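Trainee: What follows is the file upload-v5.pdb, containing PDB, C-alpha atoms:
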```pdb
ATOM      1  CA  MET J   1       0.000   0.000   0.000
ATOM      2  CA  THR J   2       1.142   3.566  -0.665
ATOM      3  CA  THR J   3       1.456   6.110   2.141
ATOM      4  CA  SER J   4      -1.674   7.862   0.847
ATOM      5  CA  ASP J   5      -3.576   4.536   1.042
ATOM      6  CA  LEU J   6      -2.328   4.048   4.609
ATOM      7  CA  ALA J   7      -3.369   7.590   5.521
ATOM      8  CA  ARG J   8      -6.901   6.932   4.209
ATOM      9  CA  GLN J   9      -7.065   3.759   6.264
ATOM     10  CA  PHE J  10      -6.019   5.707   9.364
ATOM     11  CA  ASP J  11      -8.682   8.355   8.670
ATOM     12  CA  GLN J  12     -11.371   5.671   8.475
ATOM     13  CA  GLN J  13     -10.278   3.458  11.369
ATOM     14  CA  GLY J  14      -8.624   5.887  13.791
ATOM     15  CA  PHE J  15      -5.546   3.677  14.008
ATOM     16  CA  LEU J  16      -3.030   2.123  11.635
ATOM     17  CA  ALA J  17      -0.545  -0.717  12.149
ATOM     18  CA  VAL J  18       2.324  -1.131   9.674
ATOM     19  CA  PRO J  19       4.193  -4.348  10.542
ATOM     20  CA  GLN J  20       7.937  -4.924  10.192
ATOM     21  CA  LEU J  21       8.561  -1.467   8.782
ATOM     22  CA  PHE J  22      12.093  -1.024  10.079
ATOM     23  CA  PRO J  23      15.456  -2.751   9.407
ATOM     24  CA  LYS J  24      16.057  -5.643  11.791
ATOM     25  CA  ALA J  25      19.425  -4.232  12.894
ATOM     26  CA  THR J  26      17.879  -0.918  13.997
ATOM     27  CA  VAL J  27      15.096  -2.714  15.853
ATOM     28  CA  ALA J  28      17.696  -4.920  17.565
ATOM     29  CA  ALA J  29      19.568  -1.788  18.675
ATOM     30  CA  LEU J  30      16.335  -0.418  20.138
ATOM     31  CA  VAL J  31      15.774  -3.685  22.029
ATOM     32  CA  GLN J  32      19.229  -3.345  23.593
ATOM     33  CA  GLU J  33      18.540   0.261  24.637
ATOM     34  CA  LEU J  34      15.193  -0.650  26.200
ATOM     35  CA  ASP J  35      16.666  -3.637  28.030
ATOM     36  CA  ALA J  36      19.295  -1.336  29.523
ATOM     37  CA  TRP J  37      16.548   1.099  30.585
ATOM     38  CA  LEU J  38      14.513  -1.706  32.160
ATOM     39  CA  GLY J  39      17.539  -2.817  34.159
ATOM     40  CA  GLY J  40      18.446   0.700  35.214
ATOM     41  CA  GLU J  41      16.102   3.678  35.426
ATOM     42  CA  ALA J  42      12.897   1.639  35.200
ATOM     43  CA  ALA J  43      13.944  -0.552  38.114
ATOM     44  CA  ALA J  44      13.892   2.524  40.353
ATOM     45  CA  LEU J  45      10.340   3.586  39.436
ATOM     46  CA  PRO J  46       7.723   3.235  42.188
ATOM     47  CA  GLY J  47       5.455   0.869  40.250
ATOM     48  CA  ASP J  48       2.348   2.714  41.471
ATOM     49  CA  ASN J  49       0.350   5.247  39.461
ATOM     50  CA  GLY J  50      -1.411   6.617  42.559
ATOM     51  CA  GLU J  51      -5.024   7.781  42.517
ATOM     52  CA  TYR J  52      -4.942   7.980  38.717
ATOM     53  CA  GLY J  53      -3.873   4.349  38.465
ATOM     54  CA  ARG J  54      -6.345   3.060  41.054
ATOM     55  CA  ARG J  55      -9.325   4.911  39.594
ATOM     56  CA  PHE J  56      -8.757   3.977  35.962
ATOM     57  CA  ASP J  57      -6.964   0.608  36.300
ATOM     58  CA  VAL J  58      -3.675   1.966  34.979
ATOM     59  CA  ARG J  59      -0.321   0.536  35.915
ATOM     60  CA  VAL J  60       2.502   1.369  33.526
ATOM     61  CA  ASP J  61       6.089   2.582  33.922
ATOM     62  CA  VAL J  62       6.926   5.664  31.845
ATOM     63  CA  GLY J  63      10.322   7.159  31.047
ATOM     64  CA  VAL J  64      11.749   9.736  28.654
ATOM     65  CA  ALA J  65      13.434   8.219  25.590
ATOM     66  CA  ASP J  66      15.556  11.249  24.666
ATOM     67  CA  GLY J  67      18.759   9.311  25.296
ATOM     68  CA  LEU J  68      17.839   6.357  23.089
ATOM     69  CA  ALA J  69      19.739   6.843  19.827
ATOM     70  CA  ALA J  70      18.010   3.944  18.048
ATOM     71  CA  ALA J  71      14.554   5.259  18.971
ATOM     72  CA  GLN J  72      15.458   8.730  17.730
ATOM     73  CA  ALA J  73      16.748   7.265  14.462
ATOM     74  CA  LEU J  74      13.541   5.311  13.873
ATOM     75  CA  PHE J  75      11.275   8.303  14.477
ATOM     76  CA  ALA J  76      13.499  10.408  12.197
ATOM     77  CA  SER J  77      13.392   7.807   9.410
ATOM     78  CA  ALA J  78      11.928   8.727   6.033
ATOM     79  CA  ALA J  79       9.110   6.177   6.424
ATOM     80  CA  VAL J  80       7.856   7.648   9.708
ATOM     81  CA  LEU J  81       8.191  11.263   8.578
ATOM     82  CA  GLU J  82       6.405  10.617   5.278
ATOM     83  CA  LEU J  83       3.516   8.760   6.891
ATOM     84  CA  THR J  84       3.148  11.390   9.627
ATOM     85  CA  THR J  85       2.957  14.090   6.960
ATOM     86  CA  GLN J  86       0.402  12.121   4.931
ATOM     87  CA  VAL J  87      -1.807  11.624   7.988
ATOM     88  CA  LEU J  88      -1.570  15.165   9.378
ATOM     89  CA  LYS J  89      -1.388  16.794   5.929
ATOM     90  CA  GLU J  90      -1.282  20.523   6.766
ATOM     91  CA  GLY J  91       1.960  20.275   8.719
ATOM     92  CA  TRP J  92       2.617  19.157  12.262
ATOM     93  CA  HIS J  93       4.511  19.500  15.525
ATOM     94  CA  THR J  94       5.831  16.798  17.809
ATOM     95  CA  GLU J  95       4.220  16.849  21.249
ATOM     96  CA  GLY J  96       6.671  16.531  24.119
ATOM     97  CA  PRO J  97       9.637  14.149  24.071
ATOM     98  CA  PRO J  98       9.518  10.509  22.955
ATOM     99  CA  LEU J  99       8.481   8.278  25.851
ATOM    100  CA  ILE J 100       9.045   4.674  26.902
ATOM    101  CA  PHE J 101       5.923   2.837  28.050
ATOM    102  CA  SER J 102       6.580  -0.425  29.874
ATOM    103  CA  THR J 103       3.714  -2.533  31.208
ATOM    104  CA  PRO J 104       5.051  -4.825  33.973
ATOM    105  CA  ARG J 105       3.447  -7.984  35.355
ATOM    106  CA  ASN J 106      -0.131  -7.146  36.424
ATOM    107  CA  GLY J 107       0.127  -3.849  34.537
ATOM    108  CA  GLN J 108      -2.694  -2.640  32.312
ATOM    109  CA  GLN J 109      -4.491   0.470  31.052
ATOM    110  CA  GLY J 110      -8.277   0.793  31.211
ATOM    111  CA  TRP J 111     -10.376   2.077  28.307
ATOM    112  CA  HIS J 112      -9.446   5.641  27.471
ATOM    113  CA  GLN J 113      -9.097   8.395  24.904
ATOM    114  CA  ASP J 114      -5.888  10.397  25.082
ATOM    115  CA  THR J 115      -7.679  13.732  24.585
ATOM    116  CA  SER J 116     -11.110  15.153  25.430
ATOM    117  CA  ASP J 117     -11.402  18.158  23.062
ATOM    118  CA  VAL J 118     -14.306  17.564  20.631
ATOM    119  CA  ASP J 119     -13.120  20.032  17.956
ATOM    120  CA  PRO J 120     -12.337  17.856  14.887
ATOM    121  CA  GLY J 121      -9.043  19.672  14.349
ATOM    122  CA  HIS J 122      -7.932  19.355  17.965
ATOM    123  CA  TYR J 123      -6.344  15.934  18.233
ATOM    124  CA  MET J 124      -2.991  14.173  18.311
ATOM    125  CA  ILE J 125      -1.654  10.972  16.881
ATOM    126  CA  ASN J 126       0.317   8.616  19.064
ATOM    127  CA  ARG J 127       3.130   7.127  16.983
ATOM    128  CA  ILE J 128       4.221   3.858  18.597
ATOM    129  CA  ILE J 129       7.137   1.573  17.762
ATOM    130  CA  TYR J 130       7.056  -2.021  19.041
ATOM    131  CA  PRO J 131      10.539  -3.568  19.377
ATOM    132  CA  ARG J 132       9.387  -7.110  20.238
ATOM    133  CA  GLN J 133       6.467  -9.381  19.451
ATOM    134  CA  VAL J 134       3.585  -8.768  21.867
ATOM    135  CA  VAL J 135       2.337 -12.201  22.950
ATOM    136  CA  PRO J 136      -1.182 -12.880  24.292
ATOM    137  CA  GLU J 137      -0.115 -13.360  27.920
ATOM    138  CA  GLN J 138       1.473  -9.883  27.905
ATOM    139  CA  GLY J 139      -1.888  -8.316  27.065
ATOM    140  CA  GLY J 140      -3.005  -7.038  23.686
ATOM    141  CA  LEU J 141      -3.908  -3.552  22.542
ATOM    142  CA  VAL J 142      -7.714  -3.466  22.241
ATOM    143  CA  VAL J 143      -9.278  -0.840  19.961
ATOM    144  CA  VAL J 144     -12.688  -0.013  18.495
ATOM    145  CA  PRO J 145     -12.241   0.849  14.801
ATOM    146  CA  GLY J 146     -13.881   4.122  13.783
ATOM    147  CA  SER J 147     -14.501   5.175  17.389
ATOM    148  CA  HIS J 148     -12.499   8.412  16.939
ATOM    149  CA  ARG J 149     -15.662   9.753  15.258
ATOM    150  CA  ARG J 150     -18.099   8.531  17.914
ATOM    151  CA  GLY J 151     -17.604  11.070  20.713
ATOM    152  CA  ASP J 152     -16.676  10.188  24.273
ATOM    153  CA  LEU J 153     -16.375   6.662  25.596
ATOM    154  CA  PRO J 154     -19.648   5.351  27.061
ATOM    155  CA  PRO J 155     -19.706   4.972  30.860
ATOM    156  CA  GLY J 156     -18.881   1.492  32.148
ATOM    157  CA  GLY J 157     -16.158  -0.665  33.603
ATOM    158  CA  ASN J 158     -12.543   0.141  32.811
ATOM    159  CA  HIS J 159     -12.044  -3.238  31.133
ATOM    160  CA  ASP J 160     -15.588  -4.233  30.150
ATOM    161  CA  ASP J 161     -15.899  -5.325  26.507
ATOM    162  CA  LEU J 162     -17.203  -2.861  23.922
ATOM    163  CA  GLU J 163     -19.073  -3.808  20.770
ATOM    164  CA  GLY J 164     -16.804  -3.904  17.735
ATOM    165  CA  GLN J 165     -13.559  -4.148  19.689
ATOM    166  CA  ILE J 166     -10.561  -5.960  18.202
ATOM    167  CA  ARG J 167      -7.265  -7.050  19.775
ATOM    168  CA  LEU J 168      -3.874  -6.270  18.257
ATOM    169  CA  LEU J 169      -0.651  -8.164  19.040
ATOM    170  CA  PRO J 170       1.981  -6.099  17.198
ATOM    171  CA  ALA J 171       4.995  -7.835  15.643
ATOM    172  CA  PRO J 172       8.621  -6.677  16.074
ATOM    173  CA  GLY J 173       9.337  -3.490  14.154
ATOM    174  CA  THR J 174       5.665  -2.498  13.860
ATOM    175  CA  LEU J 175       4.795   1.192  13.594
ATOM    176  CA  LEU J 176       1.339   1.971  14.970
ATOM    177  CA  PHE J 177      -0.503   5.288  14.670
ATOM    178  CA  MET J 178      -3.390   5.936  17.079
ATOM    179  CA  HIS J 179      -5.813   8.889  16.891
ATOM    180  CA  SER J 180      -6.090  10.456  20.334
ATOM    181  CA  ARG J 181      -9.896  10.142  20.286
ATOM    182  CA  CYS J 182      -9.838   6.431  19.382
ATOM    183  CA  TRP J 183     -11.225   4.188  22.152
ATOM    184  CA  HIS J 184      -8.509   1.814  23.335
ATOM    185  CA  ARG J 185      -7.159  -0.120  26.305
ATOM    186  CA  VAL J 186      -4.236  -2.410  27.156
ATOM    187  CA  GLN J 187      -5.045  -5.809  28.636
ATOM    188  CA  ILE J 188      -3.386  -7.049  31.809
ATOM    189  CA  ASN J 189       0.137  -8.441  31.535
ATOM    190  CA  ASP J 190      -0.010 -11.939  33.049
ATOM    191  CA  SER J 191       3.633 -12.681  32.231
ATOM    192  CA  ASP J 192       6.931 -11.815  33.912
ATOM    193  CA  THR J 193       8.156 -10.076  30.735
ATOM    194  CA  PRO J 194       7.421  -6.322  30.518
ATOM    195  CA  ARG J 195       5.497  -5.197  27.431
ATOM    196  CA  THR J 196       7.639  -2.292  26.254
ATOM    197  CA  GLN J 197       7.257   0.235  23.435
ATOM    198  CA  VAL J 198       8.350   3.743  22.449
ATOM    199  CA  ASN J 199       5.758   6.478  21.829
ATOM    200  CA  TRP J 200       6.078   9.947  20.320
ATOM    201  CA  ARG J 201       3.001  12.057  19.801
ATOM    202  CA  ALA J 202       2.460  14.550  16.989
ATOM    203  CA  ARG J 203      -0.321  17.064  16.408
ATOM    204  CA  PRO J 204      -1.532  19.047  13.384
ATOM    205  CA  LEU J 205      -0.786  22.766  13.250
ATOM    206  CA  SER J 206      -4.467  23.456  14.000
ATOM    207  CA  ALA J 207      -4.268  21.724  17.390
ATOM    208  CA  PRO J 208      -3.228  23.520  20.606
ATOM    209  CA  GLU J 209      -0.519  22.264  22.944
ATOM    210  CA  ASN J 210      -1.168  20.090  25.996
ATOM    211  CA  LEU J 211      -4.261  18.342  24.667
ATOM    212  CA  GLY J 212      -3.004  15.202  26.378
ATOM    213  CA  ASN J 213      -3.514  16.748  29.826
ATOM    214  CA  ASN J 214      -7.185  15.727  29.768
ATOM    215  CA  PRO J 215      -7.810  12.072  28.868
ATOM    216  CA  VAL J 216     -11.256  10.473  29.004
ATOM    217  CA  PHE J 217     -11.988   7.116  30.702
ATOM    218  CA  ARG J 218     -15.173   5.083  31.074
ATOM    219  CA  THR J 219     -15.179   5.914  34.787
ATOM    220  CA  GLY J 220     -14.451   9.637  34.502
ATOM    221  CA  ARG J 221     -11.875  12.187  33.378
ATOM    222  CA  TRP J 222      -8.441  13.231  34.534
ATOM    223  CA  ASP J 223      -6.454  16.469  34.510
ATOM    224  CA  PHE J 224      -2.722  15.825  34.538
ATOM    225  CA  ALA J 225      -2.012  19.531  35.088
ATOM    226  CA  SER J 226      -3.793  19.514  38.475
ATOM    227  CA  ALA J 227      -3.389  15.764  39.141
ATOM    228  CA  SER J 228      -7.112  15.485  39.803
ATOM    229  CA  GLY J 229     -10.146  13.746  38.341
ATOM    230  CA  ALA J 230     -13.774  14.477  37.631
TER     231      ALA J 230
END
```
Output the structure of this file as C-alpha cells.
Mentor:
Amino acid sequence: MTTSDLARQFDQQGFLAVPQLFPKATVAALVQELDAWLGGEAAALPGDNGEYGRRFDVRVDVGVADGLAAAQALFASAAVLELTTQVLKEGWHTEGPPLIFSTPRNGQQGWHQDTSDVDPGHYMINRIIYPRQVVPEQGGLVVVPGSHRRGDLPPGGNHDDLEGQIRLLPAPGTLLFMHSRCWHRVQINDSDTPRTQVNWRARPLSAPENLGNNPVFRTGRWDFASASGA
C-alpha cells in the first residue's frame, strides 16, 4: 500500500498498524537500549500510578526516551516522517519528548481516549514503535475501529468489553498510529516479561498544545495539570 492509502485507512479506522517497517538491525539496537533502561532507570520507578492508576486501572512505567539513539533514528526515518505528513497533511509539531511505556506484570491500562477536546481539528496521533512481538499473555492492545468519530467513551467498567472491539498483538518493528480520540485499552500483563514500546506524539498545526492533559476514561476524566479527576 502507498502512504496515501495508509493515511486513508487511518482516517477511516482511527488507528493504523504497519508491521515490520524497520530494518532488523535498527530494531535490535532499540531492544538493547530498552533492556538497559529496564535494568536501570525503570527498576527505580515506584510501580504505582497513585489515585490515577487506582481509579482507571492503569499501571505502567513511563520514562523519557531522549537518550535512546536507536529510537530517535527510527522516528526520524523517512518512512515515519512521510507517513506522519500524509496523515496530518497541513503540517505538524511533535508533542513533548519521545516516551518509553513499559507494562510490567499485572500492569494494564483501562479504556481511554488520550484527549477530550471535541473540535475535529484538535487531536494528536500517538506514533508507537514495538521492538518485540507482543504475545497474548502480555496483554493485547484493544481498539474499536472508527470510534475516533463517535464522541466520548460510554460509561462502564474500565475493562468491560465494547461492541466492535478488536485485539492487536503487534509484531517486532511495527509502527502503529493511534488517533487520540480512538477508544482503546491495554489488557493485563499476566507474564513476567514487561510489554515495552516507544511512543512519540504529533499534532496538526491546527491543534493547541497540551491536549493530552485531559484524557477520558469510562469511569471519569483526569487532569494531569492539576493531578485530579472528575
Trainee: Would you translate the PyMOL selection byres ((chain J and resi 222) around 12) into the concrete set of residues it matches in this file, as number ranges by chain?
Mentor: J: 51-53, 55-56, 112-116, 211-221, 223-230
Trainee: Looking at only C-alpha atoms, which of J:Ile100, J:Met124, J:Ile188, J:Leu175 is the one that sits closest to J:Gly139?
Mentor: J:Ile188
Trainee: In Å, how far is it from atom CA of J:Asn158 to atom CA of J:Ile125?
Mentor: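 Between atom CA of J:Asn158 and atom CA of J:Ile125 the gap works out to 22.1 Å.
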Trainee: Which is closest to J:Val58 among J:Val80, J:Leu153, J:Val186, J:Val198, if we use all atoms listed in the file?
Mentor: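 Ranking J:Val80, J:Leu153, J:Val186, J:Val198 by distance to J:Val58, first place goes to J:Val186.
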Trainee: Please write as a list in words the full residue list that the PyMOL selection byres ((chain J and resi 133) around 8) yields on this file.
Mentor: Tyr130, Pro131, Arg132, Val134, Val135, Leu169, Pro170, Ala171 and Pro172 of chain J
Trainee: Given the file shown, determine the residues that the PyMOL selection byres ((chain J and resi 15) around 9) selects; report them as a tab-separated table (two decimals) with C-alpha atoms, in the frame of the given file.
Mentor:
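Once everything was written out, this is result.tsv:
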```
chain	number	residue	atom	x	y	z
J	9	GLN	CA	-7.06	3.76	6.26
J	10	PHE	CA	-6.02	5.71	9.36
J	11	ASP	CA	-8.68	8.36	8.67
J	12	GLN	CA	-11.37	5.67	8.48
J	13	GLN	CA	-10.28	3.46	11.37
J	14	GLY	CA	-8.62	5.89	13.79
J	16	LEU	CA	-3.03	2.12	11.64
J	17	ALA	CA	-0.55	-0.72	12.15
J	125	ILE	CA	-1.65	10.97	16.88
J	143	VAL	CA	-9.28	-0.84	19.96
J	145	PRO	CA	-12.24	0.85	14.80
J	146	GLY	CA	-13.88	4.12	13.78
J	148	HIS	CA	-12.50	8.41	16.94
J	176	LEU	CA	1.34	1.97	14.97
J	177	PHE	CA	-0.50	5.29	14.67
J	178	MET	CA	-3.39	5.94	17.08
J	179	HIS	CA	-5.81	8.89	16.89
J	182	CYS	CA	-9.84	6.43	19.38
```
Trainee: May I ask which of the residues J:His93, J:Trp111, J:Leu168, J:Val64 is the closest one to J:Pro155, counting all atoms listed in the file?
Mentor: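 For J:Pro155, the nearest of the candidates is J:Trp111.
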Trainee: May I ask which of the residues J:Gly91, J:Pro136, J:Gly40, J:Gly157 is the closest one to J:Asp57, counting only C-alpha atoms?
Mentor: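 Of J:Gly91, J:Pro136, J:Gly40, J:Gly157, the one nearest J:Asp57, counting only C-alpha atoms, is J:Gly157.
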Trainee: Could you check how far atom CA of J:Gly67 sits from atom CA of J:Thr26, in Å to one decimal?
Mentor: 15.3 Å
Trainee: Counting all atoms listed in the file, which of J:Gln165, J:Glu41, J:Trp200, J:Ala71 gets nearest to J:Ala29?
Mentor: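 Closest to J:Ala29, using all atoms listed in the file: J:Ala71.
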Trainee: Counting only C-alpha atoms, which of J:Thr174, J:Gly121, J:Ala78, J:Ser147 gets nearest to J:Leu162?
Mentor: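 Answer, going by the shortest atom-to-atom distance: J:Ser147.
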Trainee: What is the atom CA of J:Trp37 to atom CA of J:Leu141 distance in Å?
Mentor: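 If I compute the distance from atom CA of J:Trp37 to atom CA of J:Leu141, I get 22.5 Å.
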Trainee: Show which residues sit within 9 Å of J:Asp190, as number ranges by chain. Count all atoms listed in the file, and ignore same-chain residues fewer than 2 positions away.
Mentor: J: 104-107, 136-139, 188, 192-193
Trainee: Residues as selected, C-alpha atoms, written as a PDB file, in the frame of the given file, can you do that?
Mentor:
```pdb
ATOM      1  CA  PRO J 104       5.051  -4.825  33.973  1.00  0.00           C
ATOM      2  CA  ARG J 105       3.447  -7.984  35.355  1.00  0.00           C
ATOM      3  CA  ASN J 106      -0.131  -7.146  36.424  1.00  0.00           C
ATOM      4  CA  GLY J 107       0.127  -3.849  34.537  1.00  0.00           C
ATOM      5  CA  PRO J 136      -1.182 -12.880  24.292  1.00  0.00           C
ATOM      6  CA  GLU J 137      -0.115 -13.360  27.920  1.00  0.00           C
ATOM      7  CA  GLN J 138       1.473  -9.883  27.905  1.00  0.00           C
ATOM      8  CA  GLY J 139      -1.888  -8.316  27.065  1.00  0.00           C
ATOM      9  CA  ILE J 188      -3.386  -7.049  31.809  1.00  0.00           C
ATOM     10  CA  ASP J 192       6.931 -11.815  33.912  1.00  0.00           C
ATOM     11  CA  THR J 193       8.156 -10.076  30.735  1.00  0.00           C
TER      12      THR J 193
END
```
